[in-house]
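One file, input24.pdb, carrying PDB, C-alpha atoms and all ligand atoms:
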MODEL        1
ATOM      1  CA  MET E   1      19.153  -3.248 -10.430  1.00  0.00           C
ATOM      2  CA  SER E   2      19.310  -1.922 -13.937  1.00  0.00           C
ATOM      3  CA  GLY E   3      17.302  -3.903 -16.429  1.00  0.00           C
ATOM      4  CA  CYS E   4      18.076  -4.462 -20.067  1.00  0.00           C
ATOM      5  CA  GLY E   5      14.530  -4.357 -21.292  1.00  0.00           C
ATOM      6  CA  GLY E   6      11.515  -2.301 -20.352  1.00  0.00           C
ATOM      7  CA  ASP E   7      11.035   1.286 -19.433  1.00  0.00           C
ATOM      8  CA  ALA E   8      11.048   2.068 -15.729  1.00  0.00           C
ATOM      9  CA  GLY E   9       9.150   5.277 -16.533  1.00  0.00           C
ATOM     10  CA  GLY E  10       7.978   7.650 -13.841  1.00  0.00           C
ATOM     11  CA  SER E  11       7.737  11.388 -13.732  1.00  0.00           C
ATOM     12  CA  LEU E  12      10.513  13.524 -12.353  1.00  0.00           C
ATOM     13  CA  ALA E  13       9.064  15.413  -9.426  1.00  0.00           C
ATOM     14  CA  ALA E  14      11.086  17.753  -7.256  1.00  0.00           C
ATOM     15  CA  MET E  15      12.397  15.159  -4.842  1.00  0.00           C
ATOM     16  CA  ALA E  16      15.994  14.737  -3.864  1.00  0.00           C
ATOM     17  CA  THR E  17      18.149  12.177  -5.555  1.00  0.00           C
ATOM     18  CA  HIS E  18      21.060  10.441  -3.913  1.00  0.00           C
ATOM     19  CA  THR E  19      24.410   9.506  -5.361  1.00  0.00           C
ATOM     20  CA  ILE E  20      24.473   5.800  -6.156  1.00  0.00           C
ATOM     21  CA  ARG E  21      27.467   4.070  -4.611  1.00  0.00           C
ATOM     22  CA  VAL E  22      29.487   1.989  -7.027  1.00  0.00           C
ATOM     23  CA  HIS E  23      31.598  -1.148  -6.915  1.00  0.00           C
ATOM     24  CA  GLY E  24      34.553  -0.650  -4.563  1.00  0.00           C
ATOM     25  CA  ASP E  25      32.574   1.301  -1.966  1.00  0.00           C
ATOM     26  CA  PRO E  26      32.700  -0.754   1.265  1.00  0.00           C
ATOM     27  CA  VAL E  27      29.091   0.163   2.109  1.00  0.00           C
ATOM     28  CA  LEU E  28      28.002  -2.290  -0.606  1.00  0.00           C
ATOM     29  CA  ARG E  29      29.748  -5.185   1.159  1.00  0.00           C
ATOM     30  CA  GLN E  30      28.113  -4.726   4.553  1.00  0.00           C
ATOM     31  CA  PRO E  31      24.875  -6.527   5.428  1.00  0.00           C
ATOM     32  CA  THR E  32      22.184  -3.997   6.312  1.00  0.00           C
ATOM     33  CA  ALA E  33      20.380  -3.744   9.654  1.00  0.00           C
ATOM     34  CA  PRO E  34      16.631  -4.447  10.000  1.00  0.00           C
ATOM     35  CA  VAL E  35      14.385  -1.387  10.008  1.00  0.00           C
ATOM     36  CA  THR E  36      12.999  -0.805  13.512  1.00  0.00           C
ATOM     37  CA  ASP E  37      11.012   2.415  12.985  1.00  0.00           C
ATOM     38  CA  ILE E  38       8.684   3.039  10.067  1.00  0.00           C
ATOM     39  CA  ASP E  39       8.310   6.791  10.404  1.00  0.00           C
ATOM     40  CA  GLY E  40       8.310  10.026   8.414  1.00  0.00           C
ATOM     41  CA  ALA E  41      12.059   9.980   7.966  1.00  0.00           C
ATOM     42  CA  LEU E  42      11.864   6.511   6.447  1.00  0.00           C
ATOM     43  CA  ALA E  43       9.022   7.610   4.141  1.00  0.00           C
ATOM     44  CA  ARG E  44      11.193  10.500   2.889  1.00  0.00           C
ATOM     45  CA  LEU E  45      14.109   8.154   2.337  1.00  0.00           C
ATOM     46  CA  VAL E  46      11.827   5.868   0.295  1.00  0.00           C
ATOM     47  CA  GLU E  47      10.617   8.805  -1.841  1.00  0.00           C
ATOM     48  CA  ASP E  48      14.193   9.855  -2.516  1.00  0.00           C
ATOM     49  CA  MET E  49      15.238   6.286  -3.336  1.00  0.00           C
ATOM     50  CA  ILE E  50      12.394   5.972  -5.847  1.00  0.00           C
ATOM     51  CA  GLU E  51      13.417   9.259  -7.437  1.00  0.00           C
ATOM     52  CA  THR E  52      17.056   8.126  -7.547  1.00  0.00           C
ATOM     53  CA  MET E  53      16.014   4.818  -9.143  1.00  0.00           C
ATOM     54  CA  TYR E  54      14.012   6.578 -11.871  1.00  0.00           C
ATOM     55  CA  ALA E  55      16.786   9.075 -12.550  1.00  0.00           C
ATOM     56  CA  ALA E  56      19.409   6.330 -12.974  1.00  0.00           C
ATOM     57  CA  PRO E  57      17.277   4.751 -14.581  1.00  0.00           C
ATOM     58  CA  GLY E  58      16.819   1.384 -12.945  1.00  0.00           C
ATOM     59  CA  VAL E  59      14.135  -1.091 -11.926  1.00  0.00           C
ATOM     60  CA  GLY E  60      15.291  -1.606  -8.334  1.00  0.00           C
ATOM     61  CA  LEU E  61      17.436   0.116  -5.707  1.00  0.00           C
ATOM     62  CA  ALA E  62      18.585  -1.037  -2.274  1.00  0.00           C
ATOM     63  CA  ALA E  63      19.138   1.395   0.605  1.00  0.00           C
ATOM     64  CA  ASN E  64      22.847   0.625   0.963  1.00  0.00           C
ATOM     65  CA  GLN E  65      23.310   1.623  -2.688  1.00  0.00           C
ATOM     66  CA  VAL E  66      22.670   5.183  -1.498  1.00  0.00           C
ATOM     67  CA  GLY E  67      24.797   4.658   1.625  1.00  0.00           C
ATOM     68  CA  VAL E  68      21.996   3.883   4.082  1.00  0.00           C
ATOM     69  CA  GLN E  69      22.557   0.683   6.087  1.00  0.00           C
ATOM     70  CA  LYS E  70      18.903  -0.269   6.429  1.00  0.00           C
ATOM     71  CA  ARG E  71      17.123  -3.358   5.171  1.00  0.00           C
ATOM     72  CA  LEU E  72      14.780  -1.985   2.515  1.00  0.00           C
ATOM     73  CA  PHE E  73      14.615  -1.660  -1.236  1.00  0.00           C
ATOM     74  CA  VAL E  74      12.381  -0.021  -3.826  1.00  0.00           C
ATOM     75  CA  TRP E  75      11.376  -1.337  -7.220  1.00  0.00           C
ATOM     76  CA  ASP E  76       9.279  -0.584 -10.293  1.00  0.00           C
ATOM     77  CA  ILE E  77       9.159  -3.004 -13.209  1.00  0.00           C
ATOM     78  CA  GLY E  78       6.409  -0.988 -14.887  1.00  0.00           C
ATOM     79  CA  ASP E  79       3.539  -1.312 -12.413  1.00  0.00           C
ATOM     80  CA  GLY E  80       4.399   1.739 -10.327  1.00  0.00           C
ATOM     81  CA  PRO E  81       6.844   2.167  -7.451  1.00  0.00           C
ATOM     82  CA  SER E  82       6.809  -0.076  -4.376  1.00  0.00           C
ATOM     83  CA  VAL E  83       8.928  -0.552  -1.284  1.00  0.00           C
ATOM     84  CA  ALA E  84       9.885  -3.684   0.636  1.00  0.00           C
ATOM     85  CA  ILE E  85      10.925  -3.122   4.260  1.00  0.00           C
ATOM     86  CA  ASN E  86      12.762  -5.967   6.019  1.00  0.00           C
ATOM     87  CA  PRO E  87      12.276  -8.243   2.995  1.00  0.00           C
ATOM     88  CA  TYR E  88      12.704 -11.994   3.100  1.00  0.00           C
ATOM     89  CA  VAL E  89      12.769 -14.200   0.003  1.00  0.00           C
ATOM     90  CA  SER E  90      11.780 -17.875   0.158  1.00  0.00           C
ATOM     91  CA  ASP E  91      10.295 -20.771  -1.865  1.00  0.00           C
ATOM     92  CA  HIS E  92      12.786 -20.522  -4.725  1.00  0.00           C
ATOM     93  CA  ALA E  93      11.638 -22.566  -7.726  1.00  0.00           C
ATOM     94  CA  GLY E  94      12.769 -23.163 -11.297  1.00  0.00           C
ATOM     95  CA  GLU E  95      15.555 -21.458 -13.238  1.00  0.00           C
ATOM     96  CA  TRP E  96      15.581 -18.386 -15.445  1.00  0.00           C
ATOM     97  CA  VAL E  97      18.416 -16.740 -17.385  1.00  0.00           C
ATOM     98  CA  TYR E  98      18.384 -12.974 -17.782  1.00  0.00           C
ATOM     99  CA  ASP E  99      20.911 -10.317 -18.853  1.00  0.00           C
ATOM    100  CA  GLU E 100      21.291  -8.755 -15.449  1.00  0.00           C
ATOM    101  CA  GLY E 101      22.906  -5.425 -14.671  1.00  0.00           C
ATOM    102  CA  CYS E 102      23.440  -3.346 -11.534  1.00  0.00           C
ATOM    103  CA  LEU E 103      23.397   0.414 -10.969  1.00  0.00           C
ATOM    104  CA  SER E 104      26.472  -0.074  -8.752  1.00  0.00           C
ATOM    105  CA  VAL E 105      28.376  -1.736 -11.612  1.00  0.00           C
ATOM    106  CA  PRO E 106      27.098   0.610 -14.308  1.00  0.00           C
ATOM    107  CA  GLY E 107      26.855  -0.293 -17.960  1.00  0.00           C
ATOM    108  CA  LEU E 108      27.707  -3.984 -17.656  1.00  0.00           C
ATOM    109  CA  PHE E 109      25.321  -6.912 -18.112  1.00  0.00           C
ATOM    110  CA  TRP E 110      25.755 -10.648 -17.793  1.00  0.00           C
ATOM    111  CA  PRO E 111      23.473 -13.596 -18.469  1.00  0.00           C
ATOM    112  CA  ILE E 112      22.823 -14.871 -14.945  1.00  0.00           C
ATOM    113  CA  THR E 113      20.829 -17.947 -14.000  1.00  0.00           C
ATOM    114  CA  ARG E 114      18.661 -17.537 -10.913  1.00  0.00           C
ATOM    115  CA  PRO E 115      15.416 -19.044  -9.624  1.00  0.00           C
ATOM    116  CA  LYS E 116      12.410 -18.263 -11.826  1.00  0.00           C
ATOM    117  CA  GLN E 117       9.945 -17.920  -8.975  1.00  0.00           C
ATOM    118  CA  VAL E 118      10.257 -16.727  -5.416  1.00  0.00           C
ATOM    119  CA  HIS E 119       8.025 -15.618  -2.596  1.00  0.00           C
ATOM    120  CA  LEU E 120       8.672 -12.259  -0.947  1.00  0.00           C
ATOM    121  CA  THR E 121       7.505 -11.234   2.482  1.00  0.00           C
ATOM    122  CA  ALA E 122       8.158  -7.705   3.723  1.00  0.00           C
ATOM    123  CA  LEU E 123       6.474  -4.708   5.316  1.00  0.00           C
ATOM    124  CA  ASP E 124       5.122  -1.683   3.485  1.00  0.00           C
ATOM    125  CA  LEU E 125       5.310   1.944   4.666  1.00  0.00           C
ATOM    126  CA  ASP E 126       2.104   1.475   6.713  1.00  0.00           C
ATOM    127  CA  GLY E 127       3.658  -1.471   8.524  1.00  0.00           C
ATOM    128  CA  ASN E 128       1.363  -3.945   6.774  1.00  0.00           C
ATOM    129  CA  GLU E 129       2.757  -7.295   5.687  1.00  0.00           C
ATOM    130  CA  LEU E 130       3.412  -7.783   1.985  1.00  0.00           C
ATOM    131  CA  SER E 131       3.245 -11.301   0.581  1.00  0.00           C
ATOM    132  CA  ILE E 132       4.094 -11.494  -3.113  1.00  0.00           C
ATOM    133  CA  GLU E 133       4.481 -14.465  -5.459  1.00  0.00           C
ATOM    134  CA  ALA E 134       7.000 -13.269  -8.023  1.00  0.00           C
ATOM    135  CA  ASP E 135       7.940 -14.704 -11.393  1.00  0.00           C
ATOM    136  CA  GLU E 136      10.786 -13.996 -13.848  1.00  0.00           C
ATOM    137  CA  MET E 137      11.596 -10.227 -13.883  1.00  0.00           C
ATOM    138  CA  LEU E 138       9.966  -9.449 -10.542  1.00  0.00           C
ATOM    139  CA  ALA E 139      11.592 -12.482  -8.917  1.00  0.00           C
ATOM    140  CA  ARG E 140      14.913 -11.343 -10.401  1.00  0.00           C
ATOM    141  CA  VAL E 141      14.577  -7.878  -8.896  1.00  0.00           C
ATOM    142  CA  PHE E 142      13.699  -9.317  -5.475  1.00  0.00           C
ATOM    143  CA  LEU E 143      16.717 -11.652  -5.549  1.00  0.00           C
ATOM    144  CA  HIS E 144      19.071  -8.922  -6.799  1.00  0.00           C
ATOM    145  CA  GLU E 145      17.982  -6.343  -4.220  1.00  0.00           C
ATOM    146  CA  THR E 146      17.955  -8.735  -1.250  1.00  0.00           C
ATOM    147  CA  ASP E 147      21.475  -9.742  -2.331  1.00  0.00           C
ATOM    148  CA  HIS E 148      22.451  -6.067  -1.964  1.00  0.00           C
ATOM    149  CA  LEU E 149      20.897  -5.910   1.494  1.00  0.00           C
ATOM    150  CA  ASP E 150      22.941  -8.988   2.476  1.00  0.00           C
ATOM    151  CA  GLY E 151      26.117  -7.247   1.245  1.00  0.00           C
ATOM    152  CA  THR E 152      26.397  -9.329  -1.946  1.00  0.00           C
ATOM    153  CA  LEU E 153      27.160  -7.667  -5.277  1.00  0.00           C
ATOM    154  CA  LEU E 154      26.204  -9.022  -8.690  1.00  0.00           C
ATOM    155  CA  LEU E 155      29.909  -9.616  -9.364  1.00  0.00           C
ATOM    156  CA  GLU E 156      29.768 -12.487  -6.869  1.00  0.00           C
ATOM    157  CA  ARG E 157      27.062 -14.182  -8.953  1.00  0.00           C
ATOM    158  CA  LEU E 158      29.282 -14.405 -12.041  1.00  0.00           C
ATOM    159  CA  ASP E 159      31.003 -17.600 -13.110  1.00  0.00           C
ATOM    160  CA  ALA E 160      34.816 -17.704 -13.143  1.00  0.00           C
ATOM    161  CA  GLU E 161      35.133 -16.636 -16.784  1.00  0.00           C
ATOM    162  CA  GLN E 162      32.620 -13.785 -16.479  1.00  0.00           C
ATOM    163  CA  ARG E 163      34.326 -12.552 -13.320  1.00  0.00           C
ATOM    164  CA  LYS E 164      37.762 -12.513 -14.939  1.00  0.00           C
ATOM    165  CA  GLU E 165      36.396 -10.469 -17.833  1.00  0.00           C
ATOM    166  CA  ALA E 166      34.503  -8.132 -15.484  1.00  0.00           C
ATOM    167  CA  LYS E 167      37.601  -7.490 -13.353  1.00  0.00           C
ATOM    168  CA  ARG E 168      39.588  -6.627 -16.460  1.00  0.00           C
ATOM    169  CA  THR E 169      36.882  -4.257 -17.706  1.00  0.00           C
ATOM    170  CA  LEU E 170      36.545  -2.532 -14.329  1.00  0.00           C
ATOM    171  CA  ARG E 171      40.323  -2.219 -14.004  1.00  0.00           C
ATOM    172  CA  ASP E 172      40.632  -0.739 -17.490  1.00  0.00           C
ATOM    173  CA  ARG E 173      37.881   1.711 -16.616  1.00  0.00           C
ATOM    174  CA  ALA E 174      39.634   2.761 -13.388  1.00  0.00           C
ATOM    175  CA  LEU E 175      42.878   3.334 -15.293  1.00  0.00           C
ATOM    176  CA  HIS E 176      40.975   5.342 -17.831  1.00  0.00           C
ATOM    177  CA  LEU E 177      39.532   7.563 -15.122  1.00  0.00           C
ATOM    178  CA  ASP E 178      42.951   8.031 -13.502  1.00  0.00           C
ATOM    179  CA  ALA E 179      44.421   9.131 -16.843  1.00  0.00           C
ATOM    180  CA  ARG E 180      42.025  12.035 -17.182  1.00  0.00           C
TER     181      ARG E 180
HETATM  182 ZN    ZN E 201      22.321  -3.802  -8.023  1.00  0.00          ZN
ENDMDL
END
Could you write out this file's structure as C-alpha cells?
Ligand SMILES: [Zn+2]
Amino acid sequence: MSGCGGDAGGSLAAMATHTIRVHGDPVLRQPTAPVTDIDGALARLVEDMIETMYAAPGVGLAANQVGVQKRLFVWDIGDGPSVAINPYVSDHAGEWVYDEGCLSVPGLFWPITRPKQVHLTALDLDGNELSIEADEMLARVFLHETDHLDGTLLLERLDAEQRKEAKRTLRDRALHLDAR
C-alpha cells in the first residue's frame, strides 16, 4: 500500500530490492498459499520486502506484489517494520474514509470507505502469534494487504464511477507507454 500522508522512513541498507508487480500482472489476481516453513529463506525474503517497501516508498507490501505466492506481508506506518505471516483479519467495526493508493497501481489514489477497526492475528518470524487491535491507518494497511494476499486489487474496491475513471486513466497510460 502506498499512503498519502506520513513518511515511511527507514534507512537504505544494502539489501536487495524486488521489482513491484503492477496492475495487469496475473500474479496479483491469485490467492497466495499459507506459509508452511518459517526459515532463513523466509527471513531473507522479509528483509528484501521491507527494503522494497521503503524504496518505493510505501507503508505496506504483500509477497505476491514481488511475485512470491506466499501468505505474508510487511508494513511500517512509522513505528518500524513488521511482518505478518499467515495473517487473518476479523472483528471489523466502524467505517473510515481514506485516500488509498497501491504500489501496484502507482500514482493513483481514491477515497475508499473501509472498516475503522479490525483485529489481526498472524505469526511473526519467530513463529510466535501476533494479536493486534488496529485502528484507522493500521487497520487500513491490514485490510489492503490481506486483500492482496486473497488476490484482490484496490481497483475492485472502487465504486462504478471511480472504476470507470481508473480504467480510462490506466488505458491512457498504457497507450502513452506504447507510443514511446
Ligand atoms: Zn497494494
* To do: List all protein, DNA and RNA residues that have an atom no more than 12 Å from any atom of ligand ZN 201 (chain E), counting all atoms listed in the file, and report them as a PyMOL selection string.
  => chain E and resi 1-3+20-23+28-29+53+56-66+73-75+100-109+140-157
* Measure the distance from atom CA of Pro87 of chain E to atom CA of Leu120 of chain E in Å and round it to one decimal. =>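 So the answer is 6.7 Å.
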* Which of these, E:Lys70, E:Lys116, E:Arg171, E:Arg44, has the shortest distance to Leu138 of chain E once you count all atoms listed in the file? -> E:Lys116
As a check of understanding, name the residues that the PyMOL selection byres (((chain E and resi 84) around 9) and not hetatm) selects in the supplied structure, as an mmCIF file with C-alpha atoms, in the coordinates of the input.
data_model
loop_
_atom_site.group_PDB
_atom_site.id
_atom_site.type_symbol
_atom_site.label_atom_id
_atom_site.label_comp_id
_atom_site.auth_asym_id
_atom_site.auth_seq_id
_atom_site.Cartn_x
_atom_site.Cartn_y
_atom_site.Cartn_z
ATOM 1 C CA ARG E 71 17.123 -3.358 5.171
ATOM 2 C CA LEU E 72 14.780 -1.985 2.515
ATOM 3 C CA PHE E 73 14.615 -1.660 -1.236
ATOM 4 C CA VAL E 74 12.381 -0.021 -3.826
ATOM 5 C CA TRP E 75 11.376 -1.337 -7.220
ATOM 6 C CA SER E 82 6.809 -0.076 -4.376
ATOM 7 C CA VAL E 83 8.928 -0.552 -1.284
ATOM 8 C CA ILE E 85 10.925 -3.122 4.260
ATOM 9 C CA ASN E 86 12.762 -5.967 6.019
ATOM 10 C CA PRO E 87 12.276 -8.243 2.995
ATOM 11 C CA LEU E 120 8.672 -12.259 -0.947
ATOM 12 C CA THR E 121 7.505 -11.234 2.482
ATOM 13 C CA ALA E 122 8.158 -7.705 3.723
ATOM 14 C CA LEU E 123 6.474 -4.708 5.316
ATOM 15 C CA ASP E 124 5.122 -1.683 3.485
ATOM 16 C CA LEU E 125 5.310 1.944 4.666
ATOM 17 C CA LEU E 130 3.412 -7.783 1.985
#
* d(atom CA of His92 of chain E, atom CA of Ala139 of chain E) in Å ->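 Computed distance, atom CA of His92 of chain E to atom CA of Ala139 of chain E, equals 9.1 Å.
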* Could you tell me how far atom CA of Asp79 of chain E lies from atom CA of Thr52 of chain E, in Å and to one decimal? =>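 Atom CA of Asp79 of chain E sits 17.2 Å away from atom CA of Thr52 of chain E.
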